[in-house]
Number of protein chains: 2
Amino acid sequence: MMPRKRTGKTPAARGRLEPRRLPVQSRGRERTRQILDTTARLLEQVGIDDLTTILIADKLGISVGALYHYYPNKHAILHALGTRWLEEIASALDEIERQDLENFSLHEFLDLAVDRLLCVYKRQRAMLSLAQAFSSIPALRDLDEQHDCFVIQRLMAIFRRLGFSASGNELNRLGRTFHELTHALLLVIVNQHTIRASRTTADLKRMAFALLAPHRKEDLTATAVVEPP
Amino acid sequence: MMPRKRTGKTPAARGRLEPRRLPVQSRGRERTRQILDTTARLLEQVGIDDLTTILIADKLGISVGALYHYYPNKHAILHALGTRWLEEIASALDEIERQDLENFSLHEFLDLAVDRLLCVYKRQRAMLSLAQAFSSIPALRDLDEQHDCFVIQRLMAIFRRLGFSASGNELNRLGRTFHELTHALLLVIVNQHTIRASRTTADLKRMAFALLAPHRKEDLTATAVVEPP
DNA sequence: ATATAAACCGAATGATTATTCGGTTTATAT
DNA sequence: ATATAAACCGAATAATCATTCGGTTTATAT
């Protein structure tokens with residue numbers, strides 16, 4: 001795939017994924033952002049496989065040398081991009097956790113959560129082709145797993161505050177299920193037009209409700225059909 | 001990623017994705033299967049990014065030359081593998097469509113469909129890393145889209161036989177939603193242990209029920225909470 | 001037996017691309 | 001002004017792999 005991937009040699013900065021340096025001049029600080037923006041745009045346009053360092057540099061109007069001045073290697077750029085995406089998710093979760101969840105109905109929670117996450121997916125549309133391939137890009141696999149754990153932990157805390165009656169283990173499983181359900185469907189919704197999108201959003205909320213309601217006494221009556229796990 | 005991808009030149013057999021030839025000798029027929037099996041196994045072990053033609057040949061104990069005797073290029077191998085996976089899905093749908101769906105309850109249908117699909121995912125575990133990255137591998141993007149359409153068409157027909165009251169457009173949307181829901185969750189389930197797996201399977205069925213029930217008069221009473229779209 | 005073609009080998013080829021590095025330009029501090 | 005370091009350039013380097021091809025082995029038909 002690339003000249004190198006995982007040899008033992010470490011000529012200079014091989015494993016590093018952090019930005020090479022925090023630029024001191026404002027021009028440089030600007031560049032790190034521009035590099036990420038350009039990469040995101042190209043990712044959307046040409047896909048992960050045709051994304052080369054030269055392409056990024058050309059599109060931005062700088063040289064590859066300048067690129068490597070800020071990031072130690074290509075993976076670091078993708079990693080920074082991934083991190084930026086994950087921070088958006090974290091920020092959405094922050095906002096949700098700032099609410100008075102103890103007094104929320106499940107419907108209120110789902111309206112809030114799904115709508116808020118949908119915003120993130122919409123705003124970061126450029127990152128979607130990254131998000132889709134996240135776990136299949138070696139440079140991002142770790143980040144992805146780490147992120148999943150993080151999200152699930154946060155969801156568990158939220159579920160607790162919503163009054164869920166389930167063991168930690170079961171809550172973890174619920175968190176993962178909710179996470180995967182939401183991720184898969186939001187990816188669909190973002191690519192749909194308004195009418196279809198709104199219907200699928202409603203469907204997503206309905207499915208999430210069916211998933212979570214059995215674990216909350218208050219909502220159990222509403223779904224007579226489900227057998228508790 | 002690779003020496004070549006999409007230049008204008010066509011030295012020999014560039015765009016071809018079909019197997020180079022149907023082998024005449026039994027030894028050769030065996031080989032095409034072995035190549036696919038080995039590739040699938042390696043895909044599971046090392047992932048798509050470290051999968052090289054040399055690795056496949058070595059692992060099988062043949063030369064790269066022999067590999068190219070049967071497949072015109074690496075993509076063709078992945079394509080054949082993808083096709084094999086999609087045929088399994090098609091076969092599962094066939095089996096479902098052979099049932100007397102007109103007289104099935106939604107629960108009966110979901111039990112059948114989810115369990116049957118789960119079998120496919122379990123049996124083809126080696127293909128999961130392929131299935132995950134399906135749409136992000138250029139060689140398979142077309143196949144993937146084509147397959148999605150196919151599955152959705154089949155689902156629409158099934159939904160009709162189940163007595164769904166919805167326009168074709170809405171039925172199509174439902175098909176996609178069901179397809180994505182199922183795919184995402186089955187990928188999770190296959191990697192879970194027995195107890196967790198069975199619980200998540202139950203969750204999946206419950207979510208699918210919540211998705212589909214509003215479109216079927218017979219089941220509407222059971223879910224008072226949902227508002228029809 | 002022997003001719004014919006399939007099956008196979010693997011070193012050589014060629015393309016591609018991440019990364020480096022010696023040198024140039026530009027900004028900032030004194 | 002001028003020294004210092006940041007920011008930048010881009011041709012050259014090095015690695016990796018998909019693919020080719022001339023030749024060898026093996027099977028099958030006559």
# chains A, B, ... in the order shown; residues from 1 in each chain; ligands from 1
$ select_by_dssp --residues "chain B" --states "alpha helix (DSSP H)" --output "compact mmCIF listing (two decimals) with C-alpha atoms, in the first residue's frame"
# COMPACT_ATOMS: atom_id res chain seq x y z
CA SER B 26 -9.79 -30.65 -11.53
CA ARG B 27 -6.55 -29.49 -9.97
CA GLY B 28 -7.20 -26.03 -11.30
CA ARG B 29 -10.82 -25.96 -10.27
CA GLU B 30 -9.63 -26.85 -6.81
CA ARG B 31 -7.11 -24.04 -6.89
CA THR B 32 -9.61 -21.28 -7.57
CA ARG B 33 -11.44 -22.39 -4.48
CA GLN B 34 -8.25 -22.68 -2.43
CA ILE B 35 -7.19 -19.21 -3.47
CA LEU B 36 -10.48 -17.79 -2.28
CA ASP B 37 -10.35 -19.71 0.98
CA THR B 38 -6.79 -18.68 1.70
CA THR B 39 -7.54 -15.08 0.89
CA ALA B 40 -10.54 -15.13 3.18
CA ARG B 41 -8.49 -16.58 6.00
CA LEU B 42 -5.71 -14.05 5.54
CA LEU B 43 -8.24 -11.26 5.37
CA GLU B 44 -9.41 -12.29 8.80
CA GLN B 45 -5.86 -12.62 10.14
CA VAL B 46 -3.99 -9.65 8.76
CA THR B 53 -0.58 -11.22 -3.62
CA ILE B 54 2.72 -12.67 -2.49
CA LEU B 55 1.30 -13.38 0.94
CA ILE B 56 -1.65 -15.21 -0.54
CA ALA B 57 0.58 -17.25 -2.83
CA ASP B 58 3.05 -18.10 -0.07
CA LYS B 59 0.35 -19.10 2.38
CA LEU B 60 -1.23 -21.37 -0.20
CA VAL B 64 2.33 -15.49 -7.65
CA GLY B 65 2.43 -16.65 -11.24
CA ALA B 66 -0.01 -19.41 -10.46
CA LEU B 67 -2.23 -16.88 -8.76
CA TYR B 68 -2.32 -14.78 -11.88
CA HIS B 69 -3.02 -17.85 -13.90
CA TYR B 70 -6.47 -17.97 -12.37
CA LYS B 74 -5.78 -8.85 -7.07
CA HIS B 75 -9.06 -7.01 -7.24
CA ALA B 76 -10.60 -9.93 -9.07
CA ILE B 77 -9.86 -12.15 -6.09
CA LEU B 78 -11.52 -9.74 -3.70
CA HIS B 79 -14.37 -9.38 -6.13
CA ALA B 80 -14.87 -13.12 -6.31
CA LEU B 81 -14.77 -13.27 -2.55
CA GLY B 82 -17.32 -10.50 -2.31
CA THR B 83 -19.53 -12.26 -4.80
CA ARG B 84 -19.36 -15.44 -2.81
CA TRP B 85 -20.51 -13.54 0.28
CA LEU B 86 -23.35 -11.87 -1.57
CA GLU B 87 -24.50 -15.18 -2.95
CA GLU B 88 -24.85 -16.48 0.57
CA ILE B 89 -27.09 -13.56 1.40
CA ALA B 90 -29.10 -14.12 -1.75
CA SER B 91 -29.48 -17.74 -0.85
CA ALA B 92 -30.79 -16.81 2.59
CA LEU B 93 -33.30 -14.47 0.99
CA ASP B 94 -34.35 -17.25 -1.37
CA GLU B 95 -35.08 -19.49 1.56
CA ILE B 96 -37.11 -16.79 3.25
CA GLU B 97 -39.10 -16.11 0.10
CA LEU B 106 -44.24 -10.12 11.88
CA HIS B 107 -42.64 -11.95 14.78
CA GLU B 108 -42.48 -15.16 12.82
CA PHE B 109 -40.90 -13.38 9.89
CA LEU B 110 -38.31 -11.64 12.04
CA ASP B 111 -37.40 -14.83 13.85
CA LEU B 112 -36.85 -16.52 10.55
CA ALA B 113 -35.05 -13.69 8.81
CA VAL B 114 -32.73 -12.65 11.61
CA ASP B 115 -31.79 -16.19 12.55
CA ARG B 116 -31.15 -17.13 8.95
CA LEU B 117 -29.01 -14.07 8.27
CA LEU B 118 -27.13 -14.61 11.49
CA CYS B 119 -26.18 -18.04 10.20
CA VAL B 120 -24.66 -16.50 7.11
CA TYR B 121 -22.69 -13.98 9.12
CA LYS B 122 -21.43 -16.68 11.45
CA ARG B 123 -20.44 -19.12 8.77
CA LEU B 128 -16.49 -9.90 8.05
CA SER B 129 -13.47 -7.66 7.75
CA LEU B 130 -14.26 -7.60 4.07
CA ALA B 131 -17.92 -6.88 4.71
CA GLN B 132 -17.00 -4.00 6.98
CA ALA B 133 -14.72 -2.38 4.47
CA PRO B 138 -12.78 0.67 -4.81
CA ALA B 139 -12.86 -2.77 -6.40
CA LEU B 140 -15.95 -3.62 -4.43
CA ARG B 141 -17.83 -0.36 -4.26
CA ASP B 142 -19.88 -1.15 -7.34
CA LEU B 143 -20.59 -4.65 -6.19
CA ASP B 144 -21.66 -3.28 -2.84
CA GLU B 145 -24.09 -0.75 -4.25
CA GLN B 146 -25.50 -3.24 -6.68
CA HIS B 147 -25.98 -5.71 -3.87
CA ASP B 148 -27.70 -3.17 -1.65
CA CYS B 149 -30.19 -2.46 -4.40
CA PHE B 150 -30.75 -6.14 -4.92
CA VAL B 151 -31.36 -6.86 -1.24
CA ILE B 152 -33.67 -3.91 -0.91
CA GLN B 153 -35.71 -5.02 -3.91
CA ARG B 154 -36.08 -8.46 -2.39
CA LEU B 155 -37.05 -6.97 0.96
CA MET B 156 -39.67 -4.81 -0.70
CA ALA B 157 -41.22 -7.87 -2.28
CA ILE B 158 -41.18 -9.62 1.08
CA PHE B 159 -42.74 -6.63 2.82
CA ARG B 160 -45.50 -6.59 0.25
CA ARG B 161 -46.24 -10.25 0.80
CA GLY B 168 -43.14 1.87 -3.23
CA ASN B 169 -40.92 4.76 -2.28
CA GLU B 170 -41.59 4.31 1.40
CA LEU B 171 -41.16 0.58 1.08
CA ASN B 172 -37.77 1.18 -0.47
CA ARG B 173 -36.77 3.40 2.42
CA LEU B 174 -37.95 0.77 4.86
CA GLY B 175 -35.94 -1.84 3.02
CA ARG B 176 -32.78 0.18 3.27
CA THR B 177 -33.34 0.94 6.92
CA PHE B 178 -33.99 -2.71 7.72
CA HIS B 179 -30.94 -3.73 5.72
CA GLU B 180 -28.61 -1.28 7.47
CA LEU B 181 -30.02 -2.05 10.90
CA THR B 182 -29.58 -5.75 10.40
CA HIS B 183 -26.12 -5.51 8.91
CA ALA B 184 -24.77 -3.27 11.65
CA LEU B 185 -26.17 -5.31 14.48
CA LEU B 186 -25.32 -8.72 13.05
CA LEU B 187 -21.71 -7.59 12.80
CA VAL B 188 -21.87 -6.86 16.51
CA ILE B 189 -23.60 -10.08 17.41
CA VAL B 190 -21.15 -12.30 15.57
CA THR B 194 -23.34 -16.70 23.62
CA ILE B 195 -25.26 -14.87 26.32
CA ARG B 196 -24.60 -11.40 25.04
CA ALA B 197 -25.16 -12.57 21.51
CA SER B 198 -28.58 -14.00 22.27
CA ARG B 199 -29.61 -10.85 24.08
CA THR B 200 -28.47 -8.58 21.30
CA THR B 201 -30.26 -10.82 18.83
CA ALA B 202 -33.44 -10.37 20.82
CA ASP B 203 -32.82 -6.62 20.84
CA LEU B 204 -32.34 -6.61 17.11
CA LYS B 205 -35.61 -8.40 16.57
CA ARG B 206 -37.37 -6.00 18.89
CA MET B 207 -35.94 -3.01 17.03
CA ALA B 208 -36.85 -4.46 13.67
CA PHE B 209 -40.34 -5.06 14.96
CA ALA B 210 -40.62 -1.45 16.06
CA LEU B 211 -39.45 -0.41 12.62
CA LEU B 212 -41.88 -2.54 10.65
CA LYS B 217 -52.33 -3.21 10.32
CA GLU B 218 -52.30 -6.54 12.09
CA ASP B 219 -49.48 -5.54 14.41
CA LEU B 220 -50.37 -1.93 14.98
$ closest_atom_pairs --of "chain C" --to "chain B" --cutoff "8 Å" --atoms "only C-alpha atoms (C1' of nucleotides)" --output "JSON lines"
{"residue": "C:DA6", "atom": "C1'", "partner": "B:Gln25", "partner_atom": "CA", "distance": 7.4}
{"residue": "C:DA7", "atom": "C1'", "partner": "B:Ala66", "partner_atom": "CA", "distance": 7.3}
{"residue": "C:DC8", "atom": "C1'", "partner": "B:Ala66", "partner_atom": "CA", "distance": 5.6}
{"residue": "C:DC9", "atom": "C1'", "partner": "B:Ser63", "partner_atom": "CA", "distance": 6.2}
{"residue": "C:DG10", "atom": "C1'", "partner": "B:Ser63", "partner_atom": "CA", "distance": 7.1}
{"residue": "C:DA15", "atom": "C1'", "partner": "B:Pro3", "partner_atom": "CA", "distance": 4.6}
{"residue": "C:DT16", "atom": "C1'", "partner": "B:Pro3", "partner_atom": "CA", "distance": 4.7}
{"residue": "C:DT17", "atom": "C1'", "partner": "B:Met1", "partner_atom": "CA", "distance": 7.7}
$ interface_residues --of "chain D" --to "chain A" --cutoff "6 Å" --atoms "only C-alpha atoms (C1' of nucleotides)" --output "list in words"
DC8, DA15 and DT16 of chain D
$ closest_residue --among "D:DT25, D:DT20, D:DT13, D:DT30" --to "DC21 (chain C)" --atoms "only C-alpha atoms (C1' of nucleotides)"
D:DT13
$ atom_distance --atom1 "C1' of DA18 (chain D)" --atom2 "CA of Gly47 (chain A)"
20.6 Å
$ atom_distance --atom1 "C1' of DA29 (chain D)" --atom2 "C1' of DT4 (chain C)"
8.6 Å
$ closest_residue --among "B:Ile137, B:Leu101, B:Met127, B:Leu162" --to "chain A" --atoms "only C-alpha atoms"
B:Ile137
$ atom_distance --atom1 "C1' of DT4 (chain D)" --atom2 "C1' of DT25 (chain C)"
13.8 Å
$ decode --residues "region 15-27 of chain D" --atoms "all heavy atoms" --output "CSV table (one decimal), in the first residue's frame"
chain,number,residue,atom,x,y,z
D,15,DA,P,15.1,1.2,1.9
D,15,DA,OP1,15.8,1.1,3.2
D,15,DA,OP2,15.7,0.6,0.7
D,15,DA,O5',13.6,0.8,2.1
D,15,DA,C5',12.7,1.8,2.1
D,15,DA,C4',11.3,1.3,1.9
D,15,DA,O4',10.8,1.9,0.7
D,15,DA,C3',11.2,-0.2,1.8
D,15,DA,O3',10.1,-0.6,2.7
D,15,DA,C2',10.8,-0.4,0.3
D,15,DA,C1',10.3,0.9,-0.2
D,15,DA,N9,10.7,1.3,-1.5
D,15,DA,C8,11.9,1.2,-2.1
D,15,DA,N7,12.0,1.6,-3.3
D,15,DA,C5,10.7,2.0,-3.6
D,15,DA,C6,10.1,2.5,-4.7
D,15,DA,N6,10.7,2.7,-5.9
D,15,DA,N1,8.8,2.8,-4.7
D,15,DA,C2,8.1,2.6,-3.6
D,15,DA,N3,8.6,2.1,-2.4
D,15,DA,C4,9.9,1.8,-2.5
D,16,DT,P,9.8,-2.2,2.7
D,16,DT,OP1,9.4,-2.4,4.1
D,16,DT,OP2,10.8,-3.0,2.0
D,16,DT,O5',8.5,-2.2,1.8
D,16,DT,C5',7.6,-1.1,1.9
D,16,DT,C4',6.5,-1.2,0.9
D,16,DT,O4',6.9,-0.7,-0.4
D,16,DT,C3',6.1,-2.7,0.7
D,16,DT,O3',4.7,-2.8,0.7
D,16,DT,C2',6.6,-3.0,-0.7
D,16,DT,C1',6.6,-1.7,-1.4
D,16,DT,N1,7.5,-1.5,-2.5
D,16,DT,C2,7.1,-0.8,-3.7
D,16,DT,O2,6.0,-0.4,-3.8
D,16,DT,N3,8.1,-0.7,-4.7
D,16,DT,C4,9.4,-1.1,-4.6
D,16,DT,O4,10.1,-1.0,-5.6
D,16,DT,C5,9.8,-1.8,-3.4
D,16,DT,C7,11.1,-2.3,-3.2
D,16,DT,C6,8.8,-1.9,-2.4
D,17,DC,P,4.0,-4.1,1.2
D,17,DC,OP1,2.9,-3.8,2.1
D,17,DC,OP2,5.0,-5.1,1.4
D,17,DC,O5',3.3,-4.6,-0.2
D,17,DC,C5',3.8,-4.1,-1.3
D,17,DC,C4',2.8,-3.9,-2.4
D,17,DC,O4',3.6,-3.3,-3.5
D,17,DC,C3',2.2,-5.2,-2.9
D,17,DC,O3',1.0,-5.0,-3.5
D,17,DC,C2',3.3,-5.7,-3.8
D,17,DC,C1',3.8,-4.3,-4.4
D,17,DC,N1,5.3,-4.4,-4.7
D,17,DC,C2,5.7,-3.7,-5.9
D,17,DC,O2,4.9,-3.2,-6.6
D,17,DC,N3,7.0,-3.7,-6.2
D,17,DC,C4,7.9,-4.4,-5.4
D,17,DC,N4,9.2,-4.4,-5.8
D,17,DC,C5,7.5,-5.0,-4.2
D,17,DC,C6,6.2,-5.0,-3.9
D,18,DA,P,0.0,-6.3,-3.7
D,18,DA,OP1,-1.2,-6.0,-2.9
D,18,DA,OP2,0.8,-7.5,-3.6
D,18,DA,O5',-0.3,-6.1,-5.3
D,18,DA,C5',-1.0,-4.9,-5.7
D,18,DA,C4',-0.8,-4.7,-7.2
D,18,DA,O4',0.6,-4.6,-7.5
D,18,DA,C3',-1.4,-5.8,-8.0
D,18,DA,O3',-2.0,-5.2,-9.2
D,18,DA,C2',-0.1,-6.7,-8.4
D,18,DA,C1',1.0,-5.6,-8.4
D,18,DA,N9,2.3,-6.1,-8.0
D,18,DA,C8,2.6,-6.8,-6.9
D,18,DA,N7,3.9,-7.1,-6.7
D,18,DA,C5,4.4,-6.5,-7.9
D,18,DA,C6,5.8,-6.5,-8.4
D,18,DA,N6,6.8,-7.0,-7.7
D,18,DA,N1,6.0,-5.9,-9.5
D,18,DA,C2,5.0,-5.3,-10.2
D,18,DA,N3,3.7,-5.3,-9.8
D,18,DA,C4,3.5,-5.9,-8.7
D,19,DT,P,-2.8,-6.1,-10.2
D,19,DT,OP1,-3.7,-5.3,-10.9
D,19,DT,OP2,-3.3,-7.3,-9.4
D,19,DT,O5',-1.7,-6.6,-11.2
D,19,DT,C5',-1.0,-5.5,-11.9
D,19,DT,C4',0.1,-6.1,-12.7
D,19,DT,O4',1.2,-6.5,-11.9
D,19,DT,C3',-0.2,-7.4,-13.5
D,19,DT,O3',-0.1,-7.1,-14.9
D,19,DT,C2',0.8,-8.4,-13.1
D,19,DT,C1',1.9,-7.6,-12.5
D,19,DT,N1,2.8,-8.2,-11.5
D,19,DT,C2,4.1,-8.2,-11.8
D,19,DT,O2,4.6,-7.8,-12.8
D,19,DT,N3,4.9,-8.9,-10.8
D,19,DT,C4,4.4,-9.4,-9.6
D,19,DT,O4,5.2,-10.0,-8.8
D,19,DT,C5,3.0,-9.4,-9.4
D,19,DT,C7,2.4,-10.0,-8.2
D,19,DT,C6,2.2,-8.8,-10.4
D,20,DT,P,-0.3,-8.1,-16.1
D,20,DT,OP1,-1.0,-7.5,-17.2
D,20,DT,OP2,-0.9,-9.3,-15.4
D,20,DT,O5',1.2,-8.5,-16.5
D,20,DT,C5',2.0,-7.4,-16.7
D,20,DT,C4',3.4,-7.9,-17.1
D,20,DT,O4',4.1,-8.5,-16.0
D,20,DT,C3',3.3,-8.9,-18.2
D,20,DT,O3',4.4,-8.6,-19.1
D,20,DT,C2',3.6,-10.2,-17.5
D,20,DT,C1',4.6,-9.7,-16.4
D,20,DT,N1,4.6,-10.6,-15.1
D,20,DT,C2,5.8,-10.9,-14.6
D,20,DT,O2,6.9,-10.6,-15.1
D,20,DT,N3,5.8,-11.6,-13.4
D,20,DT,C4,4.6,-12.0,-12.8
D,20,DT,O4,4.7,-12.6,-11.7
D,20,DT,C5,3.4,-11.6,-13.4
D,20,DT,C7,2.1,-12.0,-12.7
D,20,DT,C6,3.4,-10.9,-14.5
D,21,DC,P,4.3,-9.1,-20.7
D,21,DC,OP1,4.6,-7.9,-21.5
D,21,DC,OP2,3.0,-9.8,-20.9
D,21,DC,O5',5.4,-10.2,-20.7
D,21,DC,C5',6.6,-9.9,-20.0
D,21,DC,C4',7.5,-11.2,-20.0
D,21,DC,O4',7.3,-11.9,-18.7
D,21,DC,C3',7.1,-12.2,-21.1
D,21,DC,O3',8.3,-12.8,-21.5
D,21,DC,C2',6.3,-13.2,-20.3
D,21,DC,C1',6.9,-13.2,-19.0
D,21,DC,N1,6.0,-13.6,-17.9
D,21,DC,C2,6.6,-14.0,-16.6
D,21,DC,O2,7.8,-14.0,-16.5
D,21,DC,N3,5.8,-14.4,-15.6
D,21,DC,C4,4.5,-14.4,-15.8
D,21,DC,N4,3.7,-14.8,-14.8
D,21,DC,C5,3.9,-14.0,-17.0
D,21,DC,C6,4.7,-13.6,-18.0
D,22,DG,P,8.5,-13.0,-23.1
D,22,DG,OP1,9.0,-11.7,-23.6
D,22,DG,OP2,7.4,-13.7,-23.6
D,22,DG,O5',9.8,-14.0,-23.0
D,22,DG,C5',10.9,-13.7,-22.2
D,22,DG,C4',11.4,-15.0,-21.5
D,22,DG,O4',10.5,-15.3,-20.4
D,22,DG,C3',11.4,-16.2,-22.5
D,22,DG,O3',12.6,-16.9,-22.2
D,22,DG,C2',10.2,-17.0,-22.1
D,22,DG,C1',10.1,-16.7,-20.6
D,22,DG,N9,8.8,-16.8,-20.0
D,22,DG,C8,7.6,-16.5,-20.6
D,22,DG,N7,6.5,-16.7,-19.8
D,22,DG,C5,7.1,-17.1,-18.6
D,22,DG,C6,6.4,-17.5,-17.4
D,22,DG,O6,5.2,-17.5,-17.2
D,22,DG,N1,7.4,-17.9,-16.5
D,22,DG,C2,8.7,-17.9,-16.7
D,22,DG,N2,9.5,-18.4,-15.6
D,22,DG,N3,9.3,-17.6,-17.8
D,22,DG,C4,8.4,-17.2,-18.7
D,23,DG,P,13.0,-18.2,-23.1
D,23,DG,OP1,14.4,-18.1,-23.4
D,23,DG,OP2,11.9,-18.4,-24.1
D,23,DG,O5',12.8,-19.4,-22.0
D,23,DG,C5',13.4,-19.2,-20.7
D,23,DG,C4',12.8,-20.1,-19.7
D,23,DG,O4',11.4,-19.7,-19.4
D,23,DG,C3',12.8,-21.6,-20.1
D,23,DG,O3',13.4,-22.4,-19.1
D,23,DG,C2',11.3,-21.9,-20.3
D,23,DG,C1',10.7,-20.9,-19.3
D,23,DG,N9,9.3,-20.7,-19.4
D,23,DG,C8,8.7,-20.2,-20.6
D,23,DG,N7,7.4,-20.1,-20.4
D,23,DG,C5,7.1,-20.6,-19.2
D,23,DG,C6,5.9,-20.7,-18.5
D,23,DG,O6,4.8,-20.5,-18.8
D,23,DG,N1,6.1,-21.3,-17.2
D,23,DG,C2,7.3,-21.6,-16.7
D,23,DG,N2,7.3,-22.1,-15.4
D,23,DG,N3,8.5,-21.4,-17.3
D,23,DG,C4,8.3,-20.9,-18.5
D,24,DT,P,13.7,-23.9,-19.4
D,24,DT,OP1,15.1,-24.2,-19.0
D,24,DT,OP2,13.2,-24.3,-20.8
D,24,DT,O5',12.8,-24.6,-18.3
D,24,DT,C5',13.0,-24.3,-16.9
D,24,DT,C4',11.9,-25.0,-16.1
D,24,DT,O4',10.6,-24.5,-16.5
D,24,DT,C3',11.9,-26.5,-16.4
D,24,DT,O3',11.9,-27.2,-15.1
D,24,DT,C2',10.5,-26.8,-17.0
D,24,DT,C1',9.7,-25.6,-16.5
D,24,DT,N1,8.6,-25.2,-17.4
D,24,DT,C2,7.3,-25.2,-17.0
D,24,DT,O2,7.0,-25.6,-15.9
D,24,DT,N3,6.4,-24.8,-17.9
D,24,DT,C4,6.6,-24.3,-19.2
D,24,DT,O4,5.7,-24.0,-19.9
D,24,DT,C5,8.0,-24.3,-19.6
D,24,DT,C7,8.3,-23.9,-21.0
D,24,DT,C6,8.9,-24.7,-18.7
D,25,DT,P,12.0,-28.8,-15.1
D,25,DT,OP1,13.0,-29.1,-14.0
D,25,DT,OP2,12.3,-29.3,-16.5
D,25,DT,O5',10.6,-29.2,-14.6
D,25,DT,C5',10.1,-28.7,-13.4
D,25,DT,C4',8.6,-28.9,-13.3
D,25,DT,O4',7.9,-28.3,-14.4
D,25,DT,C3',8.2,-30.4,-13.3
D,25,DT,O3',7.3,-30.6,-12.1
D,25,DT,C2',7.4,-30.6,-14.6
D,25,DT,C1',6.9,-29.2,-14.8
D,25,DT,N1,6.5,-28.8,-16.2
D,25,DT,C2,5.2,-28.6,-16.5
D,25,DT,O2,4.3,-28.6,-15.7
D,25,DT,N3,5.0,-28.3,-17.8
D,25,DT,C4,5.9,-28.1,-18.8
D,25,DT,O4,5.6,-27.8,-20.0
D,25,DT,C5,7.3,-28.4,-18.5
D,25,DT,C7,8.4,-28.3,-19.5
D,25,DT,C6,7.5,-28.7,-17.2
D,26,DT,P,7.0,-32.1,-11.7
D,26,DT,OP1,6.9,-32.1,-10.2
D,26,DT,OP2,7.9,-33.0,-12.4
D,26,DT,O5',5.5,-32.2,-12.3
D,26,DT,C5',4.5,-31.3,-11.9
D,26,DT,C4',3.3,-31.6,-12.7
D,26,DT,O4',3.5,-31.1,-14.1
D,26,DT,C3',2.8,-33.0,-12.8
D,26,DT,O3',1.4,-33.0,-12.3
D,26,DT,C2',2.9,-33.3,-14.3
D,26,DT,C1',2.8,-32.0,-14.9
D,26,DT,N1,3.4,-31.8,-16.3
D,26,DT,C2,2.6,-31.4,-17.3
D,26,DT,O2,1.4,-31.1,-17.2
D,26,DT,N3,3.2,-31.2,-18.5
D,26,DT,C4,4.5,-31.5,-18.8
D,26,DT,O4,5.0,-31.4,-20.0
D,26,DT,C5,5.3,-32.0,-17.7
D,26,DT,C7,6.7,-32.3,-17.9
D,26,DT,C6,4.7,-32.1,-16.5
D,27,DA,P,0.8,-34.5,-12.1
D,27,DA,OP1,0.1,-34.4,-10.8
D,27,DA,OP2,1.7,-35.6,-12.3
D,27,DA,O5',-0.3,-34.5,-13.2
D,27,DA,C5',-1.4,-33.6,-13.1
D,27,DA,C4',-2.1,-33.4,-14.5
D,27,DA,O4',-1.1,-33.2,-15.5
D,27,DA,C3',-2.8,-34.7,-14.9
D,27,DA,O3',-4.2,-34.3,-15.1
D,27,DA,C2',-2.2,-35.1,-16.2
D,27,DA,C1',-1.5,-33.9,-16.7
D,27,DA,N9,-0.2,-34.1,-17.4
D,27,DA,C8,1.0,-34.6,-17.0
D,27,DA,N7,1.9,-34.6,-18.0
D,27,DA,C5,1.3,-34.1,-19.1
D,27,DA,C6,1.7,-33.8,-20.4
D,27,DA,N6,2.9,-34.1,-20.8
D,27,DA,N1,0.8,-33.2,-21.2
D,27,DA,C2,-0.4,-33.0,-20.8
D,27,DA,N3,-1.0,-33.2,-19.6
D,27,DA,C4,-0.1,-33.7,-18.8
